[in-house]
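Visitor: Quick one: this structure, given as structure tokens, is what I'll be asking you about.
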Amino acid sequence: MTTQERTLSKLAEGIEYTLLTQNPKETLNQEISALVYDSRKIVPGCLFVCIKGAAFDGHTCIGQAAQSKAAAVVIEKDIEIPEGLTALRVPDTRLALAMLSAAWFGHPARELQTIGITGTKGKTTTTYMIKSILENAGRKTGLIGTIETVIGDKRIPSANTTPESYLVQQYFREMADAGCDTCVMEVSSQGLMMHRTAGFLFDIGIFTNIEPDHIGPNEHASFEEYQACKSMLFRQCKTGIINADDAHAKDVIKGHACSIETFGLSKDADLRAEHLQFIHRPGYLGVAYRAEGLSSFDVEIDVPGKFSVYNSLSAIAVCRHFQIPEEIMKQALKDAKVKGRIEMVKVSDEFTLMIDYAHNAMSLKSLLGTLREYEPGRLVCLFGCGGNRSRLRRYEMGEVSGRLADLTIITSDNPRDEEPQAIIDDIKKGIAKTDGKYVEIADRKEAIRYAIQNGRPGDVIVLAGKGHEDYQEIKGVKYPMDERVLIAEILGQK
């Protein structure tokens with residue numbers, strides 16, 4: 001949107017609002033200098049959107065907006081407006097922010113093919129698989145996700161899986177201006193609930209799976225609410241691509257406003273995987289299968305497990321809409337790598353070592369259960385738990401590792417303001433419910449050294465919890481700590 005079009009009336013097109021002002025005509029034709037939702041960024045002539053968060057309510061800053069000569073405020077509460085300040089009263093300021101942001105940046109999603117992925121697990125890996133295929137086929141593809149936002153050569157570390165709506169639209173604009181023709185992004189249930197992806201229509205929406213997660217204070221009140229938020233994506237996309245094998249798939253797409261395609265292992269799926277084979281050799285785990293239905297070709301992926309089959313199937317289901325040749329899809333899927341998601345690091349010709357982000361009981365159980373299917377000599381799990389977080393998570397992860405791993409190496413993660421030993425002691429309480437063997441080594445580098453030096457032929461060793469993170473948080477300070485660097489240093493000292 002050009003500066004000439006950034007008037008209040010133009011920005012607010014399509015938004016349901018009540019105008020509270022003494023000079024309607026003058027106000028609506030006023031040029032807006034900035035769109036702001038952070039009270040620290042209020043400037044003269046801006047449009048300030050009052051967002052109510054968990055810890056802070058922007059409505060308390062209306063006096064500040066008036067003093068700073070903001071052009072107008074957007075509110076959802078019935079509150080007193082200072083004299084001379086214009087207000088737009090809307091049903092939901094988060095939804096209004098999304099619509100205003102899309103208009104502010106000139107509706108950049110209309111210049112891109114947009115792909116949104118929702119689900120409890122698999123979002124991150126699937127986005128990178130799709131990006132790999134599209135870019136191998138010559139499409140310039142941006143990415144927004146849990147790890148980072150990628151715009152050409154620019155990489156921006158992520159604070160949230162799905163950023164605030166203003167940032168989503170800003171990234172879209174940067175992508176379009178950088179020559180991107182496609183954007184693939186992770187769409188979290190929180191992002192949907194808070195309307196961060198409102199204001200545009202996805203070309204393709206994907207549902208990977210859903211399990212009870214993200215339920216509790218400041219997240220979702222119940223599984224039903226969590227599921228309902230996921231389903232919002234399928235009222236905001238043109239084509240929905242759904243995991244037919246998920247028990248809740250029909251509920252997730254209830255009330256959908258898009259055409260539906262399915263993928264999975266079941267014979268009724270539109271795109272299905274047949275003749276699965278787990279591939280296991282020293283230093284390598286993978287999976288192979290035959291894709292049948294909407295596409296028909298052999299696939300091999302350098303990532304283990306049945307969930308890798310689902311992730312790659314959804315990527316194929318998306319990319320066939322772009323008429324990408326099968327040979328490109330096959331090679332791109334083999335090349336696709338995601339930092340910290342079952343990331344194999346070669347340390348020996350005799351055993352396999354990998355880094356994974358599994359940092360709660362559910363993800364750790366899924367990971368270790370998958371690796372058990374490869375019948376390793378021993379399954380070794382190294383992990384710690386974060387400080388200033390639920391102690392229940394520590395007990396649960398300890399119990400999961402004690403039951404599924406042959407050896408657990410308990411170490412430190414991000415202790416934050418807690419003592420590492422206190423966290424380790426909590427994890428040991430969970431392991432005590434099992435017959436699992438364990439050792440405890442608080443220093444993470446020394447724990448990794450122990451795992452490598454004591455690896456046996458046929459072992460599969462998992463460094464769990466840190467994944468893509470390259471720091472360790474202690475007493476409010478983030479210190480550099482990348483497990484890949486630690487491994488390289490250990491191997492260099494052998």
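Ordered as shown in the structure tokens, chains take letters A, B, and onward, while each chain numbers its residues from 1 and ligands are numbered from 1 in the order shown.
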Quick one: pick out all strand (DSSP E or B) residues within range 170-390 of chain A from a backbone DSSP run and write them as a tab-separated table (two decimals) with N, CA, C and O atoms, in the first residue's frame.

Guide:
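Listing of states03.tsv after writing:
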chain	number	residue	atom	x	y	z
A	182	THR	N	6.69	-17.94	-3.28
A	182	THR	CA	6.00	-18.89	-2.40
A	182	THR	C	6.44	-18.66	-0.97
A	182	THR	O	7.59	-18.29	-0.72
A	183	CYS	N	5.54	-18.90	-0.02
A	183	CYS	CA	5.91	-18.92	1.40
A	183	CYS	C	5.29	-20.16	2.04
A	183	CYS	O	4.09	-20.41	1.87
A	184	VAL	N	6.09	-20.91	2.76
A	184	VAL	CA	5.59	-22.05	3.53
A	184	VAL	C	5.80	-21.70	5.00
A	184	VAL	O	6.86	-21.24	5.40
A	185	MET	N	4.75	-21.89	5.82
A	185	MET	CA	4.86	-21.47	7.22
A	185	MET	C	4.16	-22.43	8.17
A	185	MET	O	3.19	-23.10	7.81
A	186	GLU	N	4.71	-22.51	9.38
A	186	GLU	CA	4.07	-23.25	10.45
A	186	GLU	C	2.94	-22.40	11.04
A	186	GLU	O	3.13	-21.20	11.28
A	202	PHE	N	-4.91	-18.74	2.73
A	202	PHE	CA	-3.85	-19.67	2.33
A	202	PHE	C	-4.26	-20.38	1.04
A	202	PHE	O	-5.42	-20.76	0.87
A	203	ASP	N	-3.30	-20.61	0.17
A	203	ASP	CA	-3.58	-21.43	-1.01
A	203	ASP	C	-3.74	-22.89	-0.61
A	203	ASP	O	-4.62	-23.58	-1.12
A	204	ILE	N	-2.87	-23.34	0.30
A	204	ILE	CA	-2.93	-24.73	0.76
A	204	ILE	C	-2.76	-24.76	2.28
A	204	ILE	O	-1.89	-24.10	2.83
A	205	GLY	N	-3.61	-25.54	2.95
A	205	GLY	CA	-3.48	-25.77	4.39
A	205	GLY	C	-3.25	-27.25	4.64
A	205	GLY	O	-3.86	-28.10	3.98
A	206	ILE	N	-2.38	-27.59	5.58
A	206	ILE	CA	-2.03	-28.99	5.86
A	206	ILE	C	-2.29	-29.30	7.33
A	206	ILE	O	-1.95	-28.51	8.21
A	207	PHE	N	-2.87	-30.46	7.59
A	207	PHE	CA	-3.04	-30.97	8.95
A	207	PHE	C	-2.20	-32.23	9.09
A	207	PHE	O	-2.42	-33.21	8.38
A	215	ILE	N	-2.04	-27.74	26.55
A	215	ILE	CA	-3.27	-27.54	27.32
A	215	ILE	C	-2.88	-27.15	28.74
A	215	ILE	O	-2.16	-27.87	29.42
A	220	HIS	N	-4.26	-23.61	26.03
A	220	HIS	CA	-5.65	-23.95	25.71
A	220	HIS	C	-6.34	-24.55	26.94
A	220	HIS	O	-5.75	-25.35	27.67
A	237	CYS	N	-8.37	-21.49	3.89
A	237	CYS	CA	-7.49	-21.94	2.81
A	237	CYS	C	-8.35	-22.43	1.63
A	237	CYS	O	-9.53	-22.72	1.79
A	238	LYS	N	-7.72	-22.51	0.47
A	238	LYS	CA	-8.42	-22.96	-0.74
A	238	LYS	C	-8.43	-24.48	-0.83
A	238	LYS	O	-9.43	-25.08	-1.22
A	239	THR	N	-7.29	-25.11	-0.49
A	239	THR	CA	-7.17	-26.57	-0.54
A	239	THR	C	-6.65	-27.06	0.79
A	239	THR	O	-5.64	-26.56	1.30
A	240	GLY	N	-7.33	-28.04	1.39
A	240	GLY	CA	-6.88	-28.65	2.64
A	240	GLY	C	-6.31	-30.03	2.38
A	240	GLY	O	-6.92	-30.84	1.67
A	241	ILE	N	-5.13	-30.31	2.92
A	241	ILE	CA	-4.47	-31.61	2.76
A	241	ILE	C	-4.34	-32.22	4.15
A	241	ILE	O	-3.67	-31.68	5.02
A	242	ILE	N	-5.00	-33.36	4.36
A	242	ILE	CA	-5.27	-33.88	5.69
A	242	ILE	C	-4.67	-35.28	5.88
A	242	ILE	O	-4.76	-36.13	4.98
A	243	ASN	N	-4.10	-35.52	7.06
A	243	ASN	CA	-3.64	-36.86	7.43
A	243	ASN	C	-4.86	-37.73	7.72
A	243	ASN	O	-5.50	-37.60	8.76
A	259	SER	N	-11.55	-27.33	-0.51
A	259	SER	CA	-11.55	-28.69	-1.05
A	259	SER	C	-10.58	-29.52	-0.22
A	259	SER	O	-9.62	-28.99	0.35
A	260	ILE	N	-10.83	-30.81	-0.11
A	260	ILE	CA	-10.05	-31.67	0.79
A	260	ILE	C	-9.38	-32.80	0.02
A	260	ILE	O	-9.99	-33.47	-0.81
A	261	GLU	N	-8.09	-33.01	0.31
A	261	GLU	CA	-7.34	-34.18	-0.15
A	261	GLU	C	-6.75	-34.86	1.09
A	261	GLU	O	-6.53	-34.20	2.11
A	262	THR	N	-6.47	-36.16	0.99
A	262	THR	CA	-5.94	-36.88	2.14
A	262	THR	C	-4.65	-37.61	1.78
A	262	THR	O	-4.39	-37.93	0.63
A	263	PHE	N	-3.83	-37.84	2.83
A	263	PHE	CA	-2.63	-38.66	2.68
A	263	PHE	C	-2.55	-39.58	3.89
A	263	PHE	O	-3.19	-39.34	4.92
A	264	GLY	N	-1.78	-40.65	3.78
A	264	GLY	CA	-1.63	-41.56	4.90
A	264	GLY	C	-1.19	-42.94	4.47
A	264	GLY	O	-0.79	-43.17	3.32
A	271	LEU	N	-3.42	-40.03	-1.33
A	271	LEU	CA	-1.99	-40.28	-1.56
A	271	LEU	C	-1.52	-41.15	-0.40
A	271	LEU	O	-1.69	-40.79	0.76
A	272	ARG	N	-0.98	-42.31	-0.71
A	272	ARG	CA	-0.65	-43.24	0.37
A	272	ARG	C	0.75	-43.83	0.19
A	272	ARG	O	1.30	-43.84	-0.92
A	273	ALA	N	1.30	-44.30	1.30
A	273	ALA	CA	2.60	-44.95	1.29
A	273	ALA	C	2.40	-46.46	1.42
A	273	ALA	O	1.66	-46.92	2.29
A	274	GLU	N	3.05	-47.21	0.53
A	274	GLU	CA	2.96	-48.67	0.56
A	274	GLU	C	4.36	-49.26	0.62
A	274	GLU	O	5.34	-48.61	0.25
A	275	HIS	N	4.45	-50.51	1.09
A	275	HIS	CA	5.72	-51.27	1.12
A	275	HIS	C	6.80	-50.54	1.91
A	275	HIS	O	7.92	-50.34	1.43
A	276	LEU	N	6.46	-50.15	3.14
A	276	LEU	CA	7.43	-49.46	4.00
A	276	LEU	C	8.61	-50.36	4.34
A	276	LEU	O	8.44	-51.54	4.64
A	277	GLN	N	9.81	-49.76	4.34
A	277	GLN	CA	11.02	-50.46	4.76
A	277	GLN	C	11.84	-49.54	5.64
A	277	GLN	O	12.11	-48.39	5.26
A	278	PHE	N	12.24	-50.04	6.82
A	278	PHE	CA	13.15	-49.28	7.66
A	278	PHE	C	14.58	-49.65	7.27
A	278	PHE	O	14.93	-50.84	7.22
A	279	ILE	N	15.40	-48.67	7.00
A	279	ILE	CA	16.78	-48.90	6.55
A	279	ILE	C	17.73	-48.56	7.70
A	279	ILE	O	17.69	-47.46	8.25
A	280	HIS	N	18.58	-49.53	8.06
A	280	HIS	CA	19.48	-49.36	9.21
A	280	HIS	C	20.84	-49.93	8.86
A	280	HIS	O	20.98	-51.11	8.55
A	281	ARG	N	21.83	-49.05	8.89
A	281	ARG	CA	23.22	-49.49	8.77
A	281	ARG	C	24.05	-48.60	9.69
A	281	ARG	O	23.59	-47.52	10.08
A	284	TYR	N	23.69	-44.73	10.06
A	284	TYR	CA	22.60	-44.27	9.18
A	284	TYR	C	21.30	-44.95	9.54
A	284	TYR	O	21.23	-46.17	9.72
A	285	LEU	N	20.23	-44.16	9.61
A	285	LEU	CA	18.87	-44.67	9.75
A	285	LEU	C	18.00	-43.95	8.72
A	285	LEU	O	18.12	-42.73	8.55
A	286	GLY	N	17.15	-44.68	8.04
A	286	GLY	CA	16.28	-44.06	7.05
A	286	GLY	C	15.02	-44.88	6.83
A	286	GLY	O	14.76	-45.86	7.54
A	287	VAL	N	14.23	-44.50	5.84
A	287	VAL	CA	13.00	-45.21	5.54
A	287	VAL	C	12.73	-45.11	4.04
A	287	VAL	O	13.08	-44.11	3.40
A	288	ALA	N	12.16	-46.15	3.47
A	288	ALA	CA	11.81	-46.16	2.05
A	288	ALA	C	10.38	-46.67	1.90
A	288	ALA	O	9.89	-47.45	2.73
A	289	TYR	N	9.70	-46.19	0.85
A	289	TYR	CA	8.34	-46.64	0.58
A	289	TYR	C	7.96	-46.32	-0.86
A	289	TYR	O	8.70	-45.63	-1.57
A	290	ARG	N	6.81	-46.81	-1.26
A	290	ARG	CA	6.26	-46.52	-2.58
A	290	ARG	C	5.07	-45.59	-2.41
A	290	ARG	O	4.12	-45.91	-1.70
A	291	ALA	N	5.13	-44.40	-3.00
A	291	ALA	CA	3.98	-43.49	-3.01
A	291	ALA	C	3.01	-43.93	-4.09
A	291	ALA	O	3.42	-44.19	-5.23
A	292	GLU	N	1.74	-44.05	-3.74
A	292	GLU	CA	0.71	-44.46	-4.70
A	292	GLU	C	-0.52	-43.57	-4.56
A	292	GLU	O	-0.73	-42.93	-3.54
A	293	GLY	N	-1.34	-43.56	-5.59
A	293	GLY	CA	-2.57	-42.75	-5.58
A	293	GLY	C	-2.40	-41.53	-6.46
A	293	GLY	O	-2.18	-41.66	-7.67
A	297	PHE	N	5.53	-43.16	-7.24
A	297	PHE	CA	6.98	-43.32	-7.40
A	297	PHE	C	7.60	-43.79	-6.09
A	297	PHE	O	6.98	-43.75	-5.04
A	298	ASP	N	8.85	-44.27	-6.17
A	298	ASP	CA	9.59	-44.76	-5.00
A	298	ASP	C	10.24	-43.59	-4.27
A	298	ASP	O	10.76	-42.66	-4.89
A	299	VAL	N	10.22	-43.66	-2.93
A	299	VAL	CA	10.77	-42.59	-2.10
A	299	VAL	C	11.71	-43.20	-1.07
A	299	VAL	O	11.43	-44.25	-0.50
A	300	GLU	N	12.86	-42.55	-0.86
A	300	GLU	CA	13.74	-42.91	0.25
A	300	GLU	C	14.15	-41.62	0.96
A	300	GLU	O	14.50	-40.63	0.33
A	301	ILE	N	14.08	-41.65	2.30
A	301	ILE	CA	14.40	-40.46	3.10
A	301	ILE	C	15.47	-40.82	4.10
A	301	ILE	O	15.45	-41.90	4.70
A	343	GLU	N	18.60	-35.05	13.63
A	343	GLU	CA	19.77	-34.63	12.85
A	343	GLU	C	20.94	-35.57	13.15
A	343	GLU	O	21.51	-35.54	14.24
A	344	MET	N	21.27	-36.42	12.20
A	344	MET	CA	22.34	-37.38	12.41
A	344	MET	C	23.71	-36.72	12.24
A	344	MET	O	23.93	-35.98	11.29
A	352	THR	N	25.38	-45.01	15.70
A	352	THR	CA	24.68	-43.83	15.17
A	352	THR	C	24.43	-42.83	16.29
A	352	THR	O	23.98	-43.21	17.37
A	353	LEU	N	24.71	-41.55	16.01
A	353	LEU	CA	24.42	-40.49	16.98
A	353	LEU	C	23.56	-39.43	16.30
A	353	LEU	O	23.79	-39.07	15.14
A	354	MET	N	22.58	-38.94	17.02
A	354	MET	CA	21.70	-37.91	16.46
A	354	MET	C	21.32	-36.88	17.51
A	354	MET	O	21.36	-37.14	18.72
A	355	ILE	N	20.94	-35.68	17.04
A	355	ILE	CA	20.48	-34.58	17.88
A	355	ILE	C	18.99	-34.37	17.58
A	355	ILE	O	18.59	-34.34	16.41
A	356	ASP	N	18.19	-34.22	18.63
A	356	ASP	CA	16.76	-33.98	18.41
A	356	ASP	C	16.22	-33.04	19.49
A	356	ASP	O	16.72	-33.00	20.61
A	379	LEU	N	19.83	-48.56	22.88
A	379	LEU	CA	19.29	-47.24	22.65
A	379	LEU	C	19.71	-46.38	23.85
A	379	LEU	O	19.34	-46.67	24.99
A	380	VAL	N	20.53	-45.37	23.59
A	380	VAL	CA	21.08	-44.52	24.64
A	380	VAL	C	20.45	-43.13	24.51
A	380	VAL	O	20.49	-42.53	23.44
A	381	CYS	N	19.89	-42.64	25.59
A	381	CYS	CA	19.21	-41.33	25.57
A	381	CYS	C	19.88	-40.37	26.56
A	381	CYS	O	19.92	-40.64	27.77
A	382	LEU	N	20.42	-39.27	26.03
A	382	LEU	CA	21.03	-38.23	26.85
A	382	LEU	C	20.09	-37.03	26.87
A	382	LEU	O	19.70	-36.53	25.82
A	383	PHE	N	19.71	-36.56	28.04
A	383	PHE	CA	18.83	-35.39	28.10
A	383	PHE	C	18.89	-34.74	29.47
A	383	PHE	O	19.35	-35.32	30.45

Visitor: Skipping near chain neighbours, those fewer than 6 positions away, what residues fall within 10 Å of range 224-234 of chain A using only C-alpha atoms, listed as a PyMOL selection string?

Guide: chain A and resi 116-120+187-195+197-198+201-202+204-207+209-215+240-242+248-260

Visitor: Take the residues from that selection and write them out as a compact mmCIF listing (two decimals), in the first residue's frame, keeping N, CA and C atoms.

Guide:
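Saved as out_22.txt:
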# COMPACT_ATOMS: atom_id res chain seq x y z
N GLY A 116 0.23 -23.21 4.59
CA GLY A 116 0.23 -23.21 6.05
C GLY A 116 0.12 -24.63 6.59
N ILE A 117 0.92 -24.95 7.61
CA ILE A 117 0.96 -26.30 8.17
C ILE A 117 0.62 -26.25 9.65
N THR A 118 -0.40 -26.99 10.07
CA THR A 118 -0.76 -27.07 11.48
C THR A 118 -0.75 -28.52 11.93
N GLY A 119 -0.58 -28.73 13.23
CA GLY A 119 -0.53 -30.08 13.78
C GLY A 119 0.32 -30.07 15.05
N THR A 120 0.18 -31.11 15.86
CA THR A 120 0.97 -31.19 17.09
C THR A 120 2.43 -31.45 16.77
N VAL A 187 1.81 -23.03 11.29
CA VAL A 187 0.66 -22.32 11.83
C VAL A 187 0.27 -23.00 13.14
N SER A 188 0.61 -22.37 14.24
CA SER A 188 0.33 -22.96 15.55
C SER A 188 -1.12 -22.73 15.96
N SER A 189 -1.59 -23.53 16.90
CA SER A 189 -2.95 -23.35 17.41
C SER A 189 -3.08 -22.00 18.11
N GLN A 190 -2.03 -21.58 18.82
CA GLN A 190 -2.03 -20.27 19.46
C GLN A 190 -2.12 -19.17 18.41
N GLY A 191 -1.37 -19.34 17.31
CA GLY A 191 -1.40 -18.36 16.23
C GLY A 191 -2.78 -18.23 15.62
N LEU A 192 -3.46 -19.35 15.46
CA LEU A 192 -4.82 -19.33 14.92
C LEU A 192 -5.80 -18.70 15.91
N MET A 193 -5.67 -19.09 17.17
CA MET A 193 -6.57 -18.57 18.21
C MET A 193 -6.43 -17.05 18.34
N MET A 194 -5.20 -16.55 18.17
CA MET A 194 -4.95 -15.12 18.32
C MET A 194 -5.00 -14.38 16.98
N HIS A 195 -5.53 -15.03 15.95
CA HIS A 195 -5.76 -14.41 14.63
C HIS A 195 -4.47 -13.90 13.97
N THR A 197 -2.81 -15.28 11.70
CA THR A 197 -2.82 -15.57 10.27
C THR A 197 -4.11 -15.11 9.60
N ALA A 198 -4.84 -14.24 10.25
CA ALA A 198 -6.05 -13.68 9.63
C ALA A 198 -5.64 -12.60 8.63
N LEU A 201 -5.91 -15.43 2.65
CA LEU A 201 -6.36 -16.80 2.41
C LEU A 201 -5.17 -17.66 1.99
N PHE A 202 -4.91 -18.74 2.73
CA PHE A 202 -3.85 -19.67 2.33
C PHE A 202 -4.26 -20.38 1.04
N ILE A 204 -2.87 -23.34 0.30
CA ILE A 204 -2.93 -24.73 0.76
C ILE A 204 -2.76 -24.76 2.28
N GLY A 205 -3.61 -25.54 2.95
CA GLY A 205 -3.48 -25.77 4.39
C GLY A 205 -3.25 -27.25 4.64
N ILE A 206 -2.38 -27.59 5.58
CA ILE A 206 -2.03 -28.99 5.86
C ILE A 206 -2.29 -29.30 7.33
N PHE A 207 -2.87 -30.46 7.59
CA PHE A 207 -3.04 -30.97 8.95
C PHE A 207 -2.20 -32.23 9.09
N ASN A 209 -1.28 -33.92 12.37
CA ASN A 209 -1.80 -34.81 13.42
C ASN A 209 -2.19 -33.96 14.62
N ILE A 210 -2.86 -34.56 15.58
CA ILE A 210 -3.15 -33.83 16.82
C ILE A 210 -3.13 -34.80 17.99
N GLU A 211 -2.47 -34.36 19.07
CA GLU A 211 -2.42 -35.12 20.32
C GLU A 211 -2.60 -34.13 21.46
N PRO A 212 -3.02 -34.61 22.64
CA PRO A 212 -3.20 -33.68 23.77
C PRO A 212 -1.88 -32.99 24.13
N ASP A 213 -1.79 -31.72 23.88
CA ASP A 213 -0.59 -30.94 24.14
C ASP A 213 -1.00 -29.47 24.22
N HIS A 214 -0.15 -28.64 24.76
CA HIS A 214 -0.42 -27.20 24.84
C HIS A 214 -1.74 -26.91 25.56
N ILE A 215 -2.04 -27.74 26.55
CA ILE A 215 -3.27 -27.54 27.32
C ILE A 215 -2.88 -27.15 28.74
N GLY A 240 -7.33 -28.04 1.39
CA GLY A 240 -6.88 -28.65 2.64
C GLY A 240 -6.31 -30.03 2.38
N ILE A 241 -5.13 -30.31 2.92
CA ILE A 241 -4.47 -31.61 2.76
C ILE A 241 -4.34 -32.22 4.15
N ILE A 242 -5.00 -33.36 4.36
CA ILE A 242 -5.27 -33.88 5.69
C ILE A 242 -4.67 -35.28 5.88
N HIS A 248 -8.59 -37.84 14.79
CA HIS A 248 -9.40 -36.63 14.93
C HIS A 248 -9.54 -35.86 13.62
N ALA A 249 -9.10 -36.45 12.51
CA ALA A 249 -9.09 -35.73 11.23
C ALA A 249 -10.48 -35.19 10.86
N LYS A 250 -11.51 -36.00 11.03
CA LYS A 250 -12.85 -35.56 10.64
C LYS A 250 -13.33 -34.40 11.49
N ASP A 251 -12.96 -34.39 12.76
CA ASP A 251 -13.36 -33.29 13.63
C ASP A 251 -12.61 -32.01 13.28
N VAL A 252 -11.33 -32.16 12.90
CA VAL A 252 -10.51 -30.99 12.58
C VAL A 252 -11.04 -30.27 11.33
N ILE A 253 -11.58 -31.02 10.38
CA ILE A 253 -12.05 -30.38 9.14
C ILE A 253 -13.56 -30.10 9.15
N LYS A 254 -14.19 -30.32 10.30
CA LYS A 254 -15.63 -30.04 10.39
C LYS A 254 -15.89 -28.57 10.11
N GLY A 255 -16.81 -28.28 9.21
CA GLY A 255 -17.13 -26.89 8.86
C GLY A 255 -16.12 -26.27 7.92
N HIS A 256 -15.30 -27.10 7.27
CA HIS A 256 -14.26 -26.57 6.38
C HIS A 256 -14.88 -25.84 5.19
N ALA A 257 -14.10 -24.88 4.65
CA ALA A 257 -14.56 -24.11 3.51
C ALA A 257 -13.61 -24.28 2.32
N CYS A 258 -12.95 -25.44 2.26
CA CYS A 258 -11.95 -25.69 1.22
C CYS A 258 -12.18 -27.07 0.62
N SER A 259 -11.55 -27.33 -0.51
CA SER A 259 -11.55 -28.69 -1.05
C SER A 259 -10.58 -29.52 -0.22
N ILE A 260 -10.83 -30.81 -0.11
CA ILE A 260 -10.05 -31.67 0.79
C ILE A 260 -9.38 -32.80 0.02

Visitor: Give me the residues within 12 Å of Glu135 in chain A as a list of chain:residue names, counting only C-alpha atoms and dropping any in the same chain fewer than 2 places off.

Guide: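 The contact residues come out as A:Tyr128, A:Met129, A:Ile130, A:Lys131, A:Ser132, A:Ile133, A:Ala137, A:Gly138, A:Arg139, A:Lys140, A:Thr141, A:Gly142, A:Leu143, A:Gly152, A:Cys180, A:Asp181, A:Thr182, A:Cys183, A:Val184, A:Cys319, A:Phe322, A:Ile324, A:Ile328, A:Met329, A:Gln331, A:Ala332, A:Leu333, A:Asp335, A:Ala336.
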
Visitor: Any chance you can output those residues with C-alpha atoms as a CSV table (one decimal), in the first residue's frame?

Guide:
chain,number,residue,atom,x,y,z
A,128,TYR,CA,11.7,-27.7,5.3
A,129,MET,CA,10.8,-30.7,3.1
A,130,ILE,CA,8.4,-28.5,1.1
A,131,LYS,CA,10.9,-25.7,0.9
A,132,SER,CA,13.6,-28.1,-0.3
A,133,ILE,CA,11.3,-29.5,-3.1
A,137,ALA,CA,12.3,-27.0,-8.8
A,138,GLY,CA,13.4,-23.3,-9.1
A,139,ARG,CA,10.8,-21.6,-7.0
A,140,LYS,CA,12.1,-18.9,-4.6
A,141,THR,CA,10.5,-19.9,-1.3
A,142,GLY,CA,10.3,-18.0,2.0
A,143,LEU,CA,9.8,-19.8,5.3
A,152,GLY,CA,16.4,-15.3,0.6
A,180,CYS,CA,9.9,-14.9,-3.6
A,181,ASP,CA,6.9,-16.5,-5.2
A,182,THR,CA,6.0,-18.9,-2.4
A,183,CYS,CA,5.9,-18.9,1.4
A,184,VAL,CA,5.6,-22.0,3.5
A,319,CYS,CA,4.2,-30.1,-4.3
A,322,PHE,CA,3.0,-27.1,-8.4
A,324,ILE,CA,7.0,-30.5,-9.9
A,328,ILE,CA,13.0,-33.5,-8.3
A,329,MET,CA,10.7,-34.5,-5.4
A,331,GLN,CA,16.0,-36.0,-4.7
A,332,ALA,CA,14.9,-33.0,-2.7
A,333,LEU,CA,13.3,-35.2,0.0
A,335,ASP,CA,18.5,-33.8,0.6
A,336,ALA,CA,16.1,-32.1,3.0

Visitor: Excluding Ser401 in chain A and residues on its chain fewer than 2 positions from it, collect all residues at most 10 Å away from it, counting only C-alpha atoms, and give them as a PyMOL selection string.

Guide: chain A and resi 361+364-365+368+379-383+396-399+403-410+427+430-431+434+436-438

Visitor: Provide the CA of Asn414 in chain A to CA of Cys385 in chain A distance in Å, to one decimal place.

Guide: 6.9 Å

Visitor: Measure the distance from CA of Ile316 in chain A to CA of Arg196 in chain A in Å and round it to one decimal.

Guide: 26.6 Å

Visitor: Ser348 in chain A: which residues within 10 Å, counting only C-alpha atoms, same-chain residues fewer than 4 positions away excluded, as a list in words?

Guide: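 These residues fall inside the cut-off: Pro282, Gly283, Thr352, Leu353, Ile452, Gly455, Arg456, Pro457 and Leu491 of chain A.
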
Visitor: What would the file look like if the residues just selected were written as a tab-separated table (two decimals), in the first residue's frame with N, CA, C and O atoms?

Guide:
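So result_34.tsv came out as:
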chain	number	residue	atom	x	y	z
A	282	PRO	N	25.27	-48.98	10.05
A	282	PRO	CA	26.05	-48.18	11.01
A	282	PRO	C	26.14	-46.71	10.59
A	282	PRO	O	26.52	-46.40	9.47
A	283	GLY	N	25.74	-45.84	11.50
A	283	GLY	CA	25.81	-44.41	11.23
A	283	GLY	C	24.67	-43.88	10.40
A	283	GLY	O	24.64	-42.69	10.07
A	352	THR	N	25.38	-45.01	15.70
A	352	THR	CA	24.68	-43.83	15.17
A	352	THR	C	24.43	-42.83	16.29
A	352	THR	O	23.98	-43.21	17.37
A	353	LEU	N	24.71	-41.55	16.01
A	353	LEU	CA	24.42	-40.49	16.98
A	353	LEU	C	23.56	-39.43	16.30
A	353	LEU	O	23.79	-39.07	15.14
A	452	ILE	N	29.86	-40.71	23.56
A	452	ILE	CA	30.66	-41.06	22.37
A	452	ILE	C	31.74	-42.08	22.72
A	452	ILE	O	31.92	-43.08	22.00
A	455	GLY	N	30.26	-45.55	23.23
A	455	GLY	CA	29.38	-46.11	22.21
A	455	GLY	C	29.84	-47.50	21.79
A	455	GLY	O	31.04	-47.76	21.65
A	456	ARG	N	28.87	-48.38	21.59
A	456	ARG	CA	29.17	-49.76	21.18
A	456	ARG	C	28.64	-50.01	19.77
A	456	ARG	O	27.74	-49.31	19.31
A	457	PRO	N	29.18	-51.01	19.08
A	457	PRO	CA	28.67	-51.34	17.73
A	457	PRO	C	27.16	-51.57	17.75
A	457	PRO	O	26.64	-52.28	18.62
A	491	LEU	N	35.63	-34.82	19.37
A	491	LEU	CA	36.30	-35.67	18.39
A	491	LEU	C	37.71	-35.16	18.11
A	491	LEU	O	38.63	-35.96	17.86

Visitor: One decimal, Å: what's the distance from CA of Thr126 in chain A over to CA of Pro304 in chain A, could you say?

Guide: 14.1 Å

Visitor: Contacts of range 388-394 of chain A at 7 Å or less, counting only C-alpha atoms, minus same-chain residues fewer than 6 places along, as number ranges by chain?

Guide: A: 360-361, 416-418, 426-427

Visitor: Based on the selection just made, write C-alpha atoms of those residues as a PDB file, in the first residue's frame.

Guide:
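What landed in selection32.pdb:
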ATOM      1  CA  ASN A 360       8.755 -33.163  26.704  1.00  0.00           C
ATOM      2  CA  ALA A 361       7.507 -36.641  27.563  1.00  0.00           C
ATOM      3  CA  ARG A 416      17.887 -20.988  34.251  1.00  0.00           C
ATOM      4  CA  ASP A 417      17.574 -19.955  37.933  1.00  0.00           C
ATOM      5  CA  GLU A 418      17.623 -23.494  39.349  1.00  0.00           C
ATOM      6  CA  ASP A 426      13.785 -34.754  39.841  1.00  0.00           C
ATOM      7  CA  ILE A 427      14.516 -36.681  36.617  1.00  0.00           C
TER       8      ILE A 427
END
